[in-house]
>>> print(open('target_17.cif').read())   # mmCIF, C-alpha atoms and all ligand atoms
data_coords
loop_
_atom_site.label_atom_id
_atom_site.label_comp_id
_atom_site.auth_asym_id
_atom_site.auth_seq_id
_atom_site.Cartn_x
_atom_site.Cartn_y
_atom_site.Cartn_z
CA MET A 1 -86.11 -70.74 -210.70
CA LYS A 2 -88.47 -67.80 -211.13
CA LEU A 3 -89.32 -65.26 -208.47
CA SER A 4 -92.05 -63.60 -210.46
CA GLY A 5 -95.42 -64.77 -209.07
CA ARG A 6 -96.99 -63.00 -206.07
CA GLU A 7 -97.31 -66.38 -204.36
CA SER A 8 -93.59 -67.15 -204.47
CA LEU A 9 -92.73 -63.63 -203.26
CA ALA A 10 -94.73 -63.86 -200.02
CA GLY A 11 -92.23 -63.88 -197.17
CA THR A 12 -89.11 -63.72 -199.35
CA GLY A 13 -89.02 -59.93 -199.08
CA ILE A 14 -88.86 -59.84 -195.31
CA LEU A 15 -86.08 -62.47 -195.24
CA LEU A 16 -84.03 -60.65 -197.87
CA SER A 17 -84.48 -57.28 -196.16
CA LEU A 18 -83.40 -58.67 -192.77
CA VAL A 19 -80.14 -59.94 -194.30
CA ALA A 20 -79.58 -56.80 -196.43
CA GLY A 21 -80.16 -54.55 -193.43
CA GLY A 22 -77.59 -56.46 -191.36
CA GLN A 23 -80.07 -57.62 -188.67
CA ALA A 24 -79.98 -61.31 -189.62
CA ARG A 25 -76.82 -63.30 -190.36
CA SER A 26 -78.07 -66.86 -189.85
CA ARG A 27 -81.15 -69.08 -190.16
CA ALA A 28 -81.58 -68.79 -186.40
CA ASP A 29 -81.69 -64.96 -186.67
CA LEU A 30 -84.36 -65.21 -189.38
CA THR A 31 -86.45 -67.51 -187.22
CA SER A 32 -86.40 -65.13 -184.28
CA LEU A 33 -86.80 -61.90 -186.30
CA SER A 34 -89.13 -62.68 -189.23
CA GLY A 35 -92.17 -64.01 -187.41
CA LEU A 36 -92.44 -66.70 -190.10
CA SER A 37 -92.73 -70.43 -189.35
CA ARG A 38 -89.66 -72.63 -189.63
CA ASN A 39 -91.13 -74.46 -192.66
CA THR A 40 -91.92 -71.22 -194.48
CA ILE A 41 -88.38 -69.98 -193.82
CA VAL A 42 -86.85 -73.20 -195.18
CA SER A 43 -88.83 -73.04 -198.43
CA ARG A 44 -88.44 -69.27 -198.98
CA LEU A 45 -84.75 -69.46 -198.17
CA LYS A 46 -84.29 -72.27 -200.70
CA ALA A 47 -85.94 -70.08 -203.36
CA LEU A 48 -83.69 -67.13 -202.49
CA LEU A 49 -80.53 -69.27 -202.41
CA ASP A 50 -81.41 -71.01 -205.71
CA ALA A 51 -82.05 -67.64 -207.38
CA GLY A 52 -78.70 -66.31 -206.12
CA LEU A 53 -80.29 -63.47 -204.15
CA LEU A 54 -78.80 -64.89 -200.97
CA ARG A 55 -75.74 -67.04 -200.36
CA GLU A 56 -74.74 -69.12 -197.42
CA ALA A 57 -71.12 -69.75 -196.46
CA GLU A 58 -69.39 -71.47 -193.56
CA GLU A 59 -67.67 -69.02 -191.26
CA THR A 60 -65.97 -69.43 -187.93
CA MET A 61 -67.17 -66.86 -185.42
CA ARG A 62 -64.53 -64.64 -183.81
CA SER A 63 -65.23 -66.42 -180.54
CA GLY A 64 -63.98 -69.65 -182.13
CA GLY A 65 -65.81 -72.97 -181.97
CA ARG A 66 -67.53 -74.83 -184.81
CA PRO A 67 -68.02 -73.05 -188.14
CA THR A 68 -71.57 -71.66 -188.54
CA ARG A 69 -73.38 -71.16 -191.83
CA MET A 70 -73.72 -67.41 -192.34
CA LEU A 71 -76.16 -65.73 -194.73
CA ALA A 72 -75.26 -62.82 -196.98
CA ILE A 73 -76.75 -61.03 -199.98
CA GLY A 74 -75.66 -62.71 -203.24
CA SER A 75 -73.29 -59.99 -204.36
CA ASP A 76 -73.71 -60.73 -208.10
CA PHE A 77 -77.51 -60.78 -208.23
CA GLY A 78 -77.54 -57.16 -209.39
CA VAL A 79 -75.33 -54.10 -209.62
CA ILE A 80 -75.49 -50.60 -208.16
CA LEU A 81 -74.50 -47.36 -209.90
CA ALA A 82 -72.85 -44.89 -207.52
CA ALA A 83 -71.64 -41.32 -208.04
CA ASP A 84 -69.64 -39.23 -205.59
CA ILE A 85 -70.13 -35.66 -206.82
CA GLY A 86 -67.42 -33.31 -205.58
CA GLU A 87 -66.69 -29.65 -206.03
CA THR A 88 -64.54 -30.13 -209.15
CA SER A 89 -64.76 -33.82 -210.03
CA VAL A 90 -67.12 -36.78 -210.02
CA ARG A 91 -66.18 -40.36 -209.21
CA LEU A 92 -68.45 -43.01 -210.70
CA ALA A 93 -68.59 -46.73 -210.07
CA VAL A 94 -70.50 -49.86 -210.86
CA THR A 95 -70.51 -51.91 -207.66
CA ASP A 96 -71.77 -55.35 -206.74
CA LEU A 97 -74.16 -55.71 -203.81
CA THR A 98 -71.42 -56.07 -201.16
CA PRO A 99 -70.98 -53.16 -202.17
CA ALA A 100 -67.52 -53.48 -203.75
CA VAL A 101 -66.33 -51.54 -206.81
CA ILE A 102 -66.35 -53.54 -210.09
CA VAL A 103 -65.29 -50.66 -212.39
CA ASP A 104 -64.91 -46.97 -211.73
CA GLU A 105 -63.77 -43.73 -213.28
CA MET A 106 -63.20 -40.12 -212.33
CA PHE A 107 -63.86 -37.06 -214.47
CA ASP A 108 -63.70 -33.29 -214.00
CA VAL A 109 -66.89 -31.27 -213.80
CA GLU A 110 -68.00 -27.73 -213.28
CA LEU A 111 -71.04 -27.93 -211.02
CA ALA A 112 -71.96 -24.40 -212.05
CA ALA A 113 -72.67 -25.74 -215.57
CA GLY A 114 -75.96 -26.90 -214.04
CA PRO A 115 -77.72 -30.17 -213.32
CA GLU A 116 -78.67 -31.12 -216.89
CA VAL A 117 -75.07 -30.89 -218.14
CA VAL A 118 -73.54 -32.71 -215.15
CA LEU A 119 -76.25 -35.38 -214.82
CA GLY A 120 -76.24 -35.89 -218.59
CA ALA A 121 -72.50 -36.63 -218.46
CA ILE A 122 -73.02 -38.96 -215.50
CA ALA A 123 -75.80 -40.87 -217.32
CA GLU A 124 -73.66 -41.34 -220.42
CA ARG A 125 -70.65 -42.51 -218.43
CA PHE A 126 -72.72 -44.95 -216.36
CA ALA A 127 -73.86 -46.61 -219.59
CA ASN A 128 -70.22 -46.88 -220.75
CA LEU A 129 -69.06 -48.27 -217.41
CA LEU A 130 -71.77 -50.96 -217.50
CA GLY A 131 -70.58 -51.90 -220.98
CA ARG A 132 -66.99 -52.19 -219.72
CA CYS A 133 -67.99 -54.82 -217.14
CA GLY A 134 -70.55 -56.60 -219.33
CA ARG A 135 -73.58 -55.62 -217.24
CA SER A 136 -76.79 -53.82 -218.27
CA LEU A 137 -79.08 -51.09 -216.93
CA GLY A 138 -81.69 -53.81 -216.35
CA GLU A 139 -79.40 -55.39 -213.75
CA ALA A 140 -78.99 -52.13 -211.82
CA ILE A 141 -81.13 -52.14 -208.67
CA GLY A 142 -80.60 -48.39 -208.20
CA ILE A 143 -78.44 -45.29 -208.59
CA GLY A 144 -76.96 -43.55 -205.54
CA LEU A 145 -75.73 -39.95 -205.67
CA SER A 146 -73.54 -38.34 -203.04
CA LEU A 147 -74.22 -34.58 -203.18
CA PRO A 148 -72.03 -31.86 -201.60
CA ALA A 149 -74.98 -29.79 -200.38
CA PRO A 150 -77.92 -29.86 -197.98
CA VAL A 151 -80.37 -32.38 -199.49
CA ASP A 152 -84.11 -32.68 -198.97
CA TYR A 153 -83.97 -36.48 -199.04
CA ALA A 154 -87.71 -37.01 -199.51
CA SER A 155 -87.85 -34.93 -202.71
CA GLY A 156 -84.28 -35.56 -203.88
CA ARG A 157 -83.50 -31.86 -204.27
CA VAL A 158 -80.62 -29.75 -202.97
CA PHE A 159 -81.09 -26.50 -201.09
CA GLY A 160 -78.49 -23.75 -200.76
CA PRO A 161 -76.39 -22.10 -199.66
CA SER A 162 -73.87 -24.53 -201.13
CA ILE A 163 -71.38 -25.00 -203.94
CA MET A 164 -74.27 -26.39 -206.06
CA THR A 165 -75.64 -22.88 -206.53
CA ASN A 166 -77.86 -23.29 -209.59
CA TRP A 167 -79.09 -26.79 -208.71
CA ASP A 168 -81.59 -25.54 -206.12
CA ASP A 169 -85.02 -27.07 -206.54
CA PHE A 170 -84.03 -29.14 -209.62
CA ASP A 171 -85.69 -32.57 -209.49
CA ILE A 172 -82.44 -34.59 -209.72
CA ARG A 173 -84.07 -37.94 -209.04
CA THR A 174 -86.84 -37.80 -211.63
CA TRP A 175 -84.56 -36.34 -214.31
CA LEU A 176 -81.96 -39.12 -214.01
CA GLN A 177 -84.55 -41.83 -213.44
CA ASP A 178 -86.35 -40.83 -216.68
CA ARG A 179 -83.03 -40.84 -218.54
CA LEU A 180 -81.81 -44.30 -217.42
CA GLY A 181 -84.94 -46.11 -216.22
CA VAL A 182 -83.30 -46.97 -212.89
CA PRO A 183 -84.55 -45.76 -209.46
CA VAL A 184 -82.41 -42.90 -208.09
CA LEU A 185 -81.55 -41.86 -204.51
CA GLY A 186 -79.70 -38.65 -203.69
CA GLU A 187 -78.23 -37.91 -200.28
CA ASN A 188 -75.96 -35.38 -198.59
CA ASP A 189 -72.30 -36.48 -198.71
CA VAL A 190 -71.71 -36.36 -194.95
CA ASN A 191 -74.76 -38.57 -194.28
CA LEU A 192 -73.33 -41.13 -196.70
CA LEU A 193 -69.87 -41.03 -195.07
CA THR A 194 -71.66 -41.54 -191.76
CA LEU A 195 -73.69 -44.49 -193.05
CA TYR A 196 -70.66 -46.22 -194.54
CA GLU A 197 -68.43 -45.66 -191.51
CA TRP A 198 -71.12 -46.91 -189.12
CA ARG A 199 -72.21 -49.95 -191.14
CA THR A 200 -68.62 -51.02 -191.87
CA PHE A 201 -66.90 -50.43 -188.53
CA TRP A 202 -69.30 -49.58 -185.69
CA GLN A 203 -72.49 -51.44 -186.42
CA ASP A 204 -72.65 -52.80 -182.88
CA VAL A 205 -73.06 -49.25 -181.55
CA GLY A 206 -76.64 -48.19 -182.29
CA HIS A 207 -76.09 -44.44 -181.78
CA LEU A 208 -73.19 -42.77 -183.59
CA PHE A 209 -72.30 -39.15 -184.19
CA PHE A 210 -69.94 -38.55 -187.13
CA ILE A 211 -68.09 -35.29 -187.73
CA LYS A 212 -66.53 -34.52 -191.09
CA PHE A 213 -63.72 -32.13 -190.26
CA ALA A 214 -62.14 -30.81 -193.45
CA SER A 215 -62.28 -27.63 -195.53
CA GLY A 216 -65.90 -27.51 -194.33
CA ILE A 217 -67.46 -28.96 -191.17
CA GLY A 218 -70.56 -31.15 -191.16
CA SER A 219 -71.95 -34.07 -189.24
CA GLY A 220 -74.16 -37.11 -189.57
CA ILE A 221 -76.27 -38.89 -187.00
CA ILE A 222 -77.05 -42.58 -186.69
CA SER A 223 -79.89 -42.96 -184.23
CA ASP A 224 -81.00 -46.45 -183.26
CA GLY A 225 -79.33 -47.91 -186.35
CA ARG A 226 -80.75 -45.44 -188.89
CA ILE A 227 -79.65 -42.15 -190.45
CA TYR A 228 -81.42 -39.37 -188.56
CA ARG A 229 -82.35 -36.69 -191.11
CA GLY A 230 -84.81 -34.51 -189.22
CA ALA A 231 -87.92 -33.04 -190.84
CA GLN A 232 -86.28 -31.66 -194.01
CA GLY A 233 -82.98 -33.51 -194.19
CA ALA A 234 -81.05 -30.65 -192.57
CA ALA A 235 -80.17 -32.44 -189.30
CA GLY A 236 -76.50 -32.42 -188.31
CA ASP A 237 -75.44 -29.17 -189.95
CA ILE A 238 -73.14 -28.22 -187.08
CA GLY A 239 -70.80 -26.11 -189.25
CA HIS A 240 -73.09 -23.11 -189.10
CA ILE A 241 -73.97 -23.13 -185.42
CA GLN A 242 -72.90 -19.71 -184.15
CA LEU A 243 -70.96 -19.65 -180.90
CA ALA A 244 -71.16 -16.62 -178.61
CA SER A 245 -67.50 -16.06 -177.74
CA GLU A 246 -65.60 -13.10 -179.22
CA PRO A 247 -64.17 -12.44 -181.71
CA LYS A 248 -66.83 -13.63 -184.17
CA PRO A 249 -65.20 -14.19 -187.57
CA LEU A 250 -67.24 -13.88 -190.78
CA CYS A 251 -68.41 -17.21 -192.22
CA ARG A 252 -68.80 -18.26 -195.86
CA CYS A 253 -72.58 -18.38 -195.21
CA GLY A 254 -72.61 -14.66 -194.41
CA LYS A 255 -73.19 -15.03 -190.65
CA LEU A 256 -70.77 -14.23 -187.82
CA GLY A 257 -69.12 -16.66 -185.40
CA CYS A 258 -70.06 -19.99 -187.05
CA VAL A 259 -68.16 -23.17 -186.09
CA GLU A 260 -66.78 -23.26 -189.66
CA ALA A 261 -65.53 -19.70 -189.46
CA ARG A 262 -63.60 -20.64 -186.30
CA ALA A 263 -62.33 -24.15 -187.04
CA ALA A 264 -62.76 -25.33 -190.66
CA GLY A 265 -59.69 -25.85 -192.85
CA TRP A 266 -60.13 -22.50 -194.58
CA ALA A 267 -60.45 -20.69 -191.24
CA LEU A 268 -57.32 -22.33 -189.78
CA ALA A 269 -55.37 -21.49 -192.94
CA ARG A 270 -56.66 -17.89 -192.71
CA ASP A 271 -55.49 -17.59 -189.07
CA LEU A 272 -52.07 -19.11 -189.81
CA ARG A 273 -51.54 -16.85 -192.81
CA ALA A 274 -52.37 -13.86 -190.61
CA GLN A 275 -49.39 -14.95 -188.46
CA GLY A 276 -47.14 -15.07 -191.52
CA VAL A 277 -47.24 -18.88 -191.94
CA SER A 278 -47.39 -20.06 -195.55
CA VAL A 279 -50.38 -22.44 -195.96
CA ARG A 280 -52.88 -23.06 -198.72
CA GLY A 281 -55.43 -25.41 -197.17
CA SER A 282 -56.21 -28.28 -194.81
CA ARG A 283 -53.40 -30.59 -195.94
CA ASP A 284 -50.76 -27.95 -195.25
CA VAL A 285 -52.21 -27.40 -191.78
CA VAL A 286 -52.04 -31.16 -191.03
CA ARG A 287 -48.45 -31.31 -192.30
CA LEU A 288 -47.40 -28.44 -190.02
CA VAL A 289 -49.13 -30.04 -187.01
CA HIS A 290 -47.26 -33.31 -187.66
CA GLY A 291 -44.03 -31.34 -187.91
CA GLY A 292 -44.63 -29.82 -184.47
CA HIS A 293 -45.06 -26.25 -185.76
CA GLY A 294 -46.05 -24.12 -182.73
CA ALA A 295 -48.71 -21.93 -184.36
CA ALA A 296 -50.26 -24.93 -186.17
CA LEU A 297 -50.41 -26.94 -182.92
CA GLU A 298 -52.10 -23.99 -181.25
CA ALA A 299 -54.59 -23.81 -184.16
CA ALA A 300 -55.29 -27.57 -183.79
CA ARG A 301 -56.00 -27.15 -180.09
CA LYS A 302 -58.23 -24.15 -180.70
CA ALA A 303 -60.16 -26.08 -183.35
CA GLY A 304 -60.48 -28.97 -180.88
CA GLN A 305 -62.03 -26.62 -178.32
CA VAL A 306 -64.56 -25.31 -180.85
CA LEU A 307 -65.47 -28.82 -182.02
CA GLY A 308 -65.60 -29.98 -178.40
CA GLU A 309 -67.95 -27.17 -177.47
CA VAL A 310 -70.46 -27.93 -180.21
CA THR A 311 -70.06 -31.70 -179.76
CA ALA A 312 -70.81 -31.44 -176.03
CA ASP A 313 -74.16 -29.83 -176.84
CA VAL A 314 -74.89 -32.58 -179.37
CA VAL A 315 -74.00 -35.25 -176.78
CA SER A 316 -76.40 -33.67 -174.29
CA VAL A 317 -79.23 -33.82 -176.84
CA LEU A 318 -78.54 -37.14 -178.60
CA ASN A 319 -76.53 -39.26 -176.13
CA PRO A 320 -74.48 -41.09 -178.80
CA GLY A 321 -72.47 -44.19 -177.87
CA ILE A 322 -69.56 -43.09 -180.05
CA ILE A 323 -68.29 -39.91 -181.71
CA VAL A 324 -66.27 -40.54 -184.86
CA ILE A 325 -64.21 -37.75 -186.42
CA GLY A 326 -63.17 -38.08 -190.08
CA GLY A 327 -62.13 -35.77 -192.91
CA THR A 328 -58.73 -34.35 -193.87
CA LEU A 329 -58.21 -32.47 -190.60
CA ALA A 330 -58.94 -35.49 -188.37
CA ALA A 331 -55.40 -36.52 -189.37
CA MET A 332 -54.10 -33.79 -187.02
CA GLY A 333 -54.41 -36.54 -184.42
CA SER A 334 -53.87 -36.24 -180.69
CA PRO A 335 -53.68 -32.42 -180.24
CA LEU A 336 -57.19 -32.30 -181.74
CA PHE A 337 -58.69 -35.41 -180.14
CA GLU A 338 -57.37 -34.65 -176.65
CA GLU A 339 -58.96 -31.22 -176.74
CA VAL A 340 -62.35 -32.47 -178.03
CA ASP A 341 -62.33 -35.22 -175.41
CA GLN A 342 -61.51 -32.84 -172.58
CA VAL A 343 -64.15 -30.22 -173.47
CA VAL A 344 -66.87 -32.87 -173.97
CA ARG A 345 -66.07 -34.56 -170.66
CA GLU A 346 -66.03 -31.24 -168.80
CA ARG A 347 -69.43 -30.23 -170.10
CA VAL A 348 -71.75 -33.25 -170.25
CA LEU A 349 -73.48 -35.05 -167.41
CA PRO A 350 -72.07 -38.34 -166.06
CA LEU A 351 -74.63 -40.71 -167.63
CA ALA A 352 -74.10 -39.36 -171.18
CA LYS A 353 -70.30 -39.71 -170.94
CA ARG A 354 -70.13 -42.95 -168.96
CA ASP A 355 -69.47 -45.25 -171.95
CA LEU A 356 -68.81 -42.54 -174.57
CA ARG A 357 -65.91 -43.13 -176.96
CA ILE A 358 -64.30 -40.59 -179.30
CA GLU A 359 -62.48 -42.23 -182.22
CA PRO A 360 -60.87 -41.28 -185.54
CA ALA A 361 -62.76 -42.52 -188.64
CA ARG A 362 -61.52 -45.76 -190.18
CA SER A 363 -62.97 -45.39 -193.71
CA GLY A 364 -60.77 -44.38 -196.63
CA GLY A 365 -61.34 -42.19 -199.68
CA ASP A 366 -63.97 -44.57 -201.11
CA ALA A 367 -66.43 -43.98 -198.26
CA GLY A 368 -68.63 -41.41 -200.07
CA LEU A 369 -68.93 -43.56 -203.18
CA LEU A 370 -69.52 -46.79 -201.25
CA GLY A 371 -71.89 -44.98 -198.89
CA ALA A 372 -74.03 -44.02 -201.90
CA ALA A 373 -74.03 -47.66 -203.04
CA LEU A 374 -74.82 -48.86 -199.53
CA LEU A 375 -77.81 -46.53 -199.29
CA VAL A 376 -79.18 -47.96 -202.55
CA LYS A 377 -78.65 -51.52 -201.30
CA GLU A 378 -80.39 -50.84 -197.98
CA VAL A 379 -83.34 -48.94 -199.46
CA ARG A 380 -83.93 -51.10 -202.53
CA LEU A 381 -83.67 -54.32 -200.48
CA SER A 382 -85.66 -52.94 -197.52
CA ALA A 383 -88.94 -54.55 -196.49
CA ALA A 384 -90.85 -51.70 -198.24
CA ASP A 385 -88.99 -51.87 -201.58
CA VAL A 386 -87.60 -55.38 -201.90
CA GLU A 387 -90.55 -56.94 -203.72
CA ALA A 388 -90.46 -54.20 -206.38
CA THR A 389 -86.69 -54.80 -206.71
CA ILE A 390 -87.16 -58.57 -207.09
CA ALA A 391 -89.99 -58.05 -209.60
CA ARG A 392 -87.73 -55.73 -211.62
CA PHE A 393 -84.99 -58.36 -211.52
CA ALA A 394 -87.42 -61.14 -212.55
CA ALA A 395 -88.71 -59.03 -215.45
CA ASN A 396 -85.14 -58.53 -216.71
CA ALA A 397 -83.97 -62.12 -216.13
ZN ZN B 401 -71.74 -20.17 -191.37
#
>>> encode(input="target_17.cif", output="C-alpha cells")
Amino acid sequence: MKLSGRESLAGTGILLSLVAGGQARSRADLTSLSGLSRNTIVSRLKALLDAGLLREAEETMRSGGRPTRMLAIGSDFGVILAADIGETSVRLAVTDLTPAVIVDEMFDVELAAGPEVVLGAIAERFANLLGRCGRSLGEAIGIGLSLPAPVDYASGRVFGPSIMTNWDDFDIRTWLQDRLGVPVLGENDVNLLTLYEWRTFWQDVGHLFFIKFASGIGSGIISDGRIYRGAQGAAGDIGHIQLASEPKPLCRCGKLGCVEARAAGWALARDLRAQGVSVRGSRDVVRLVHGGHGAALEAARKAGQVLGEVTADVVSVLNPGIIVIGGTLAAMGSPLFEEVDQVVRERVLPLAKRDLRIEPARSGGDAGLLGAALLVKEVRLSAADVEATIARFAANA
C-alpha cells in the first residue's frame, strides 16, 4: 500500500499525530478527538495499519475487564538518530519509534574542538551505526541532539555562558541537516530529561516541574502537556537565580549568590572541603550523606532549603501538579526531599499546595538520549509535520 498521493494522506496525519502525541490510544479516542467521521476513520486507519505506521494490539486495562484493542505507533516504520552530547563524551543511538535503543555507542569528545569537528564525528558515526543495524538514512525520520547549554530552540543555536564556549551562534541544525539529509532538532539537555520523565512516568499530570540537581542545577517545565520554553528557550534556568541571603558565594557565571553557587554539587564539595572533608564531586557527597556523615547531612539540608526557596517561587508562578527532582544529587534522598517539601509548604498559598506532590525522578541514565529521540518522534509525527514525514517515508519506500 502506498501513502504517497495527497488524496490518501487527507486525515491520516491527524490520526497518526493523535496517537504519536499520546492523546489517543483507541479507535474511540480517535472518534472523539479527530473530528473525522467514523467511516473516514475506519478507512484511514486501515491504510495506516496496512502501511505499518500504526499497530493495534489487545491489551487489558489496569482496571481489569475485557481486553481492549489499543493503538500505538508502528515502532519499525522508521528510525530516529539520537545524540546525548555531554561535557567530555557523546552517546549516540539509533532508536525505533517507541523510542527504544536498537544500537548505540559512546565516544570521547572535546567540545572545545568546535562544532564542525564534533558534529562531523557524530555524522560519520551515525552512518556507521545505521549500517550496523541494517537501516539507512532514508528511514530516519529525524535527528535529535541533547545539548548541555542554553538553546534557542527556534533557531537551533546555543547561547553561552556554557561549556560549549565556541559553539555560540553556530547553525547546528542546518550544518548537520545538509551533511546527512535528515531533519535535525536540538534542545537543551534538561528540557529533554523533563520531556522523557513526564511522558514516561507522569503523563496524567498536565503540569510538571522538573529539577536536575547535579554538578549544575537546571529545570524544565511541562505546562499543559507541552515543554514550556519561554520566548527564547531560556525558561527554567533556576541555577542562576540570585538569592538575597548572606553570604553570597561567587558563581561559575561570575555573579554572586546564585542557587548553583549555594547548592550545586561543586558548591557542596567546596563547602565540605573547607571543613576538611575529602570530596571530589557530587557522587562523593551522596556517598557521605548515605553514610550519615554529619557535615554532609548538614550540606544536604542546606541545599534542600535553597532548592525549596527557589521552588516555592516557581510554584507560586506556575502552579505545577508535581515537582520531580532528578540528577546525581537527588540520590541524597530524604534529608533533601524533607527540606524542600517543608520550605515549599511553608511559603506557598493553600490552593497551589493542595494536591502538590514532590517526587524523586524515575528515569535512568538513558533519559537524555531517549528524550532527544522522543522529541523527534513527537515533532516529526505532529499534526504540522506528519504529512512531510509520511511523504519522505513514501519517497524512500
Ligand atoms: Zn550563576
>>> atom_distance(input="target_17.cif", atom1="CA of Gly371 (chain A)", atom2="CA of Tyr196 (chain A)")
4.7 Å
>>> closest_residue(input="target_17.cif", among="A:Ala331, A:Leu272, A:Cys253, A:Ala303", to="ligand ZN 401 (chain B)", atoms="all atoms listed in the file")
A:Cys253
>>> closest_residue(input="target_17.cif", among="A:Val376, A:Val19, A:Ala51, A:Val286", to="Phe393 (chain A)", atoms="only C-alpha atoms")
A:Ala51
>>> closest_residue(input="target_17.cif", among="A:Ile141, A:Ala93, A:Ala100, A:Leu49", to="Gly181 (chain A)", atoms="all atoms listed in the file")
A:Ile141
>>> closest_residue(input="target_17.cif", among="A:Ala361, A:Ala154, A:Ala267, A:Leu370", to="ligand ZN 401 (chain B)", atoms="all atoms listed in the file")
A:Ala267
>>> closest_atom_pairs(input="target_17.cif", of="chain A", to="ligand ZN 401 (chain B)", cutoff="8 Å", atoms="all atoms listed in the file", output="tab-separated table")
residue	atom	partner	partner_atom	distance
A:Gly239	CA	B:ZN401	ZN	6.4
A:His240	CA	B:ZN401	ZN	4.0
A:Ile241	CA	B:ZN401	ZN	7.0
A:Gln242	CA	B:ZN401	ZN	7.3
A:Leu250	CA	B:ZN401	ZN	7.8
A:Cys251	CA	B:ZN401	ZN	4.5
A:Arg252	CA	B:ZN401	ZN	5.7
A:Cys253	CA	B:ZN401	ZN	4.3
A:Gly254	CA	B:ZN401	ZN	6.4
A:Lys255	CA	B:ZN401	ZN	5.4
A:Leu256	CA	B:ZN401	ZN	7.0
A:Gly257	CA	B:ZN401	ZN	7.4
A:Cys258	CA	B:ZN401	ZN	4.6
A:Val259	CA	B:ZN401	ZN	7.0
A:Glu260	CA	B:ZN401	ZN	6.1
A:Ala261	CA	B:ZN401	ZN	6.5
>>> atom_distance(input="target_17.cif", atom1="CA of Val205 (chain A)", atom2="CA of Ile221 (chain A)")
12.1 Å
>>> residues_around(input="target_17.cif", residues="Leu147 (chain A)", least_positions_apart="4", cutoff="10 Å", atoms="all atoms listed in the file", output="ChimeraX atom specification")
/A:83-87,151,157-158,164,186-192,368,372
>>> closest_atom_pairs(input="target_17.cif", of="region 77-103 of chain A", to="region 117-138 of chain A", cutoff="9 Å", atoms="only C-alpha atoms", output="CSV")
residue,atom,partner,partner_atom,distance
A:Gly78,CA,A:Gly138,CA,8.8
A:Val79,CA,A:Arg135,CA,8.0
A:Leu81,CA,A:Phe126,CA,7.1
A:Ala82,CA,A:Phe126,CA,8.8
A:Ala83,CA,A:Ile122,CA,7.9
A:Val90,CA,A:Ile122,CA,8.3
A:Leu92,CA,A:Phe126,CA,7.4
A:Ala93,CA,A:Leu129,CA,7.5
A:Val94,CA,A:Leu130,CA,6.8
A:Ile102,CA,A:Cys133,CA,7.4
A:Val103,CA,A:Leu129,CA,6.7
>>> write_last_selection(input="target_17.cif", atoms="C-alpha atoms", output="PDB file, keeping the file's coordinate frame")
ATOM      1  CA  GLY A  78     -77.540 -57.160-209.390  1.00  0.00           C
ATOM      2  CA  VAL A  79     -75.330 -54.100-209.620  1.00  0.00           C
ATOM      3  CA  LEU A  81     -74.500 -47.360-209.900  1.00  0.00           C
ATOM      4  CA  ALA A  82     -72.850 -44.890-207.520  1.00  0.00           C
ATOM      5  CA  ALA A  83     -71.640 -41.320-208.040  1.00  0.00           C
ATOM      6  CA  VAL A  90     -67.120 -36.780-210.020  1.00  0.00           C
ATOM      7  CA  LEU A  92     -68.450 -43.010-210.700  1.00  0.00           C
ATOM      8  CA  ALA A  93     -68.590 -46.730-210.070  1.00  0.00           C
ATOM      9  CA  VAL A  94     -70.500 -49.860-210.860  1.00  0.00           C
ATOM     10  CA  ILE A 102     -66.350 -53.540-210.090  1.00  0.00           C
ATOM     11  CA  VAL A 103     -65.290 -50.660-212.390  1.00  0.00           C
TER      12      VAL A 103
END
>>> closest_atom_pairs(input="target_17.cif", of="region 317-356 of chain A", to="region 287-292 of chain A", cutoff="10 Å", atoms="only C-alpha atoms", output="JSON lines")
{"residue": "A:Leu329", "atom": "CA", "partner": "A:Arg287", "partner_atom": "CA", "distance": 10.0}
{"residue": "A:Ala331", "atom": "CA", "partner": "A:His290", "partner_atom": "CA", "distance": 8.9}
{"residue": "A:Met332", "atom": "CA", "partner": "A:Val289", "partner_atom": "CA", "distance": 6.2}
{"residue": "A:Gly333", "atom": "CA", "partner": "A:His290", "partner_atom": "CA", "distance": 8.5}
{"residue": "A:Pro335", "atom": "CA", "partner": "A:Val289", "partner_atom": "CA", "distance": 8.5}
{"residue": "A:Leu336", "atom": "CA", "partner": "A:Val289", "partner_atom": "CA", "distance": 9.9}
>>> closest_residue(input="target_17.cif", among="A:Ala373, A:Leu307, A:Tyr228, A:Ile325", to="Val343 (chain A)", atoms="all atoms listed in the file")
A:Leu307
>>> atom_distance(input="target_17.cif", atom1="CA of Ala235 (chain A)", atom2="CA of Thr165 (chain A)")
20.2 Å
>>> axis_aligned_box(input="target_17.cif", around="region 169-180 of chain A", padding_each_side="3 Å", output="AutoDock Vina command-line options")
--center_x -84.3 --center_y -35.7 --center_z -212.5 --size_x 11.0 --size_y 23.2 --size_z 18.0
>>> residues_near_point(input="target_17.cif", point="(-88.4, -55.1, -200.4)", cutoff="12 Å", atoms="all atoms listed in the file", output="PyMOL selection string")
chain A and resi 9-21+141+376-392
>>> closest_residue(input="target_17.cif", among="A:Ala395, A:Ala214, A:Ala57, A:Ile172", to="Asp152 (chain A)", atoms="all atoms listed in the file")
A:Ile172
>>> residues_near_point(input="target_17.cif", point="(-64.9, -36.1, -177.1)", cutoff="8 Å", atoms="all atoms listed in the file", output="list in words")
Gly308, Thr311, Ala312, Ile323, Phe337, Glu338, Glu339, Val340, Asp341, Gln342, Val343, Val344, Arg345, Leu356, Arg357 and Ile358 of chain A
